[in-house]
There are 2 protein chains.
Amino acid sequence: MDKSSIGQHISQQFNIELEEIRSRVLAMGGLVEEQIANAIKSLIDADVNLAQAVIENDINVNAAEVAIDEECSHVIARRQPAASDLRLIVAVIKTITDLERIGDQAERIARMGMHLAELERPKNNYIEIQAVGERVRQMVHKALDAFARMDIGTAIEVAEDDLSVDQEYDGIMRQALTFMMEDPRSITRMLDVMWTARAIERIGDHAKNISEYVIYLVKGKDVRHTSLEQIQKQLKSD
Amino acid sequence: MDKSSIGQHISQQFNIELEEIRSRVLAMGGLVEEQIANAIKSLIDADVNLAQAVIENDINVNAAEVAIDEECSHVIARRQPAASDLRLIVAVIKTITDLERIGDQAERIARMGMHLAELERPKNNYIEIQAVGERVRQMVHKALDAFARMDIGTAIEVAEDDLSVDQEYDGIMRQALTFMMEDPRSITRMLDVMWTARAIERIGDHAKNISEYVIYLVKGKDVRHTSLEQIQKQLKSD
């Protein structure tokens, strides 16, 4: 299903409503990306005000989810859409659930940033957190891009990126553990680093979920709970 | 909306389909509860075989989600349900997403159980994990019970229970941190305890999500992102 196939509806009004929903999802995605970027920035710069702003801004992410959810329910009730449009709307409902949870993780990172701001800084100033944080922000961007253009290639890239994120995450966890063992005074701080890494890794998972909804929409194949290898094989066999 | 109002449909076949979906959700819920109970048991009893069984069984939870999801899409496409039935189906789609994620957390707990089985046991044999684990299992049970009977009172109880779980979680985290500080050799083990507590706390959150869908279904009020106090006030004002 590409943009042109969405253009073949009986009702012009319905088209407008679907486009409206799509652009609201993308706007919500933009907001969530900003929350991730600011949360990571607040942690790296030890910027407590920015962290506070991220925490307060989460309410807007939540409000966006509720509003889009209601819009979707209204459109289904009013338009009684056909199967393919319905799939799109169900994918939207799932996508915004993941976006909202990404928002929660960004808030969590900002809270960790506030803790860490008050503690001694490591020499590398958490550069590994910055790197993996930027990577997952890009994953969210790509996943939404795949959603906007119904682009399977981009969706698969997101699944591939998720594997790298998992590796980086494992590296950060091992390193933090080593620091803790060597210097028990670092335990509290390293725990915050671990929770942050965990939150970032979760964001990657949610981005992957979103890209899987895109694959389902385009191919009609449910690839959730399927390994990347299997997905690639399945798609090639078409 | 109670069970009797579901009985007023034009199409008897549609009723049967809705009932079928409801009972599949409850069956999936039963499976997930079992996974939680077994995951906690495997950790407490250091039973590696049981932990392995939980990990392998997660595939059945995933399969249930995909199957119910498809059934929901088919029913919407075929029956073009009216607004209230549609709300029910959307709530089902959200509920099974949470159930699937509870399953993931149970699998995570089982993995921690496998790690911990190989390490020295504390005197209290992780009794605090057992207690909070049993509490969240009951929360999931109550949330599904609220869903089955469309019972707001039970749904609110789940939200209240979530507050106690959060407190117990904070207690476990503080205690684990103290152990780490006192004895750095306990760090690896205490980290597993912390991850387990985190997974259990997440299960509580998902149970709360499910109970909020029930409140939305019955009252038509979206109480996500609303504090318990506000929910209670809102419901009293009806």
# chains A, B, ... in the order shown; residues from 1 in each chain; ligands from 1
>>> closest_atom_pairs(of="chain B", to="chain A", cutoff="7 Å", atoms="only C-alpha atoms", output="CSV")
residue,atom,partner,partner_atom,distance
B:Asn62,CA,A:His225,CA,6.7
B:Ala77,CA,A:Ala83,CA,5.3
B:Gln80,CA,A:Gln80,CA,5.6
B:Ala82,CA,A:Ala77,CA,6.2
B:Ala83,CA,A:Ala77,CA,5.3
B:Met181,CA,A:Pro184,CA,6.0
B:Pro184,CA,A:Met181,CA,6.0
B:His225,CA,A:Asn62,CA,6.7
>>> calpha_fit_rmsd(fixed="chain A", moving="chain B")
0.0 Å
>>> residues_around(residues="Ala37 (chain A)", least_positions_apart="2", cutoff="8 Å", atoms="only C-alpha atoms", output="ChimeraX atom specification")
/A:33-35,39-41,133-134,137
>>> residues_around(residues="region 154-164 of chain B", least_positions_apart="5", cutoff="7 Å", atoms="only C-alpha atoms", output="number ranges by chain")
B: 139, 142-143, 146, 204-205, 208, 211-212, 214-215, 228
>>> write_last_selection(atoms="N, CA, C and O atoms", output="mmCIF file, in the first residue's frame")
data_model
loop_
_atom_site.group_PDB
_atom_site.id
_atom_site.type_symbol
_atom_site.label_atom_id
_atom_site.label_comp_id
_atom_site.auth_asym_id
_atom_site.auth_seq_id
_atom_site.Cartn_x
_atom_site.Cartn_y
_atom_site.Cartn_z
ATOM 1 N N MET B 139 -2.539 -9.176 40.400
ATOM 2 C CA MET B 139 -2.995 -7.966 39.683
ATOM 3 C C MET B 139 -3.440 -8.310 38.264
ATOM 4 O O MET B 139 -4.450 -7.817 37.772
ATOM 5 N N LYS B 142 -6.752 -10.082 38.479
ATOM 6 C CA LYS B 142 -7.822 -9.113 38.749
ATOM 7 C C LYS B 142 -8.138 -8.266 37.522
ATOM 8 O O LYS B 142 -9.302 -7.981 37.238
ATOM 9 N N ALA B 143 -7.107 -7.850 36.812
ATOM 10 C CA ALA B 143 -7.329 -7.002 35.639
ATOM 11 C C ALA B 143 -8.149 -7.761 34.599
ATOM 12 O O ALA B 143 -9.066 -7.200 33.980
ATOM 13 N N ALA B 146 -11.672 -8.064 35.827
ATOM 14 C CA ALA B 146 -12.372 -6.795 35.575
ATOM 15 C C ALA B 146 -12.795 -6.735 34.113
ATOM 16 O O ALA B 146 -13.905 -6.304 33.788
ATOM 17 N N GLY B 204 3.270 -5.133 36.810
ATOM 18 C CA GLY B 204 2.242 -4.366 37.510
ATOM 19 C C GLY B 204 1.724 -3.219 36.638
ATOM 20 O O GLY B 204 0.513 -2.980 36.558
ATOM 21 N N ASP B 205 2.635 -2.528 35.967
ATOM 22 C CA ASP B 205 2.233 -1.427 35.079
ATOM 23 C C ASP B 205 1.314 -1.920 33.964
ATOM 24 O O ASP B 205 0.321 -1.277 33.625
ATOM 25 N N LYS B 208 -2.069 -2.635 35.213
ATOM 26 C CA LYS B 208 -2.775 -1.363 35.406
ATOM 27 C C LYS B 208 -3.287 -0.843 34.056
ATOM 28 O O LYS B 208 -4.421 -0.374 33.960
ATOM 29 N N SER B 211 -6.445 -2.626 33.227
ATOM 30 C CA SER B 211 -7.600 -2.187 34.024
ATOM 31 C C SER B 211 -8.087 -0.820 33.548
ATOM 32 O O SER B 211 -9.274 -0.507 33.637
ATOM 33 N N GLU B 212 -7.179 -0.006 33.018
ATOM 34 C CA GLU B 212 -7.596 1.308 32.510
ATOM 35 C C GLU B 212 -8.415 1.187 31.214
ATOM 36 O O GLU B 212 -9.314 1.984 30.967
ATOM 37 N N VAL B 214 -10.469 -1.163 30.730
ATOM 38 C CA VAL B 214 -11.801 -1.556 31.218
ATOM 39 C C VAL B 214 -12.579 -0.304 31.646
ATOM 40 O O VAL B 214 -13.750 -0.144 31.297
ATOM 41 N N ILE B 215 -11.911 0.578 32.378
ATOM 42 C CA ILE B 215 -12.584 1.813 32.824
ATOM 43 C C ILE B 215 -13.025 2.623 31.609
ATOM 44 O O ILE B 215 -14.145 3.132 31.543
ATOM 45 N N LEU B 228 -4.366 8.097 40.214
ATOM 46 C CA LEU B 228 -5.418 7.291 40.839
ATOM 47 C C LEU B 228 -6.441 8.192 41.512
ATOM 48 O O LEU B 228 -7.657 7.989 41.382
#
>>> atom_distance(atom1="CA of Ala197 (chain B)", atom2="CA of Thr95 (chain B)")
22.6 Å
>>> atom_distance(atom1="CA of Ala199 (chain B)", atom2="CA of Gln105 (chain B)")
5.3 Å
>>> atom_distance(atom1="CA of Met28 (chain B)", atom2="CA of Ala51 (chain B)")
19.4 Å
>>> closest_residue(among="B:Ala110, B:Leu99, B:Met190, B:Ala64", to="Asp47 (chain B)", atoms="only C-alpha atoms")
B:Ala110
>>> closest_residue(among="A:Glu71, A:Gln234, A:Glu17, A:Val193", to="Phe179 (chain A)", atoms="only C-alpha atoms")
A:Val193
>>> residues_around(residues="Ala46 (chain B)", least_positions_apart="5", cutoff="9 Å", atoms="only C-alpha atoms", output="PyMOL selection string")
chain B and resi 41+51+113-114+116-118
>>> closest_residue(among="B:Met112, B:Ile152, B:Val25, B:Ile231", to="Glu100 (chain B)", atoms="only C-alpha atoms")
B:Val25
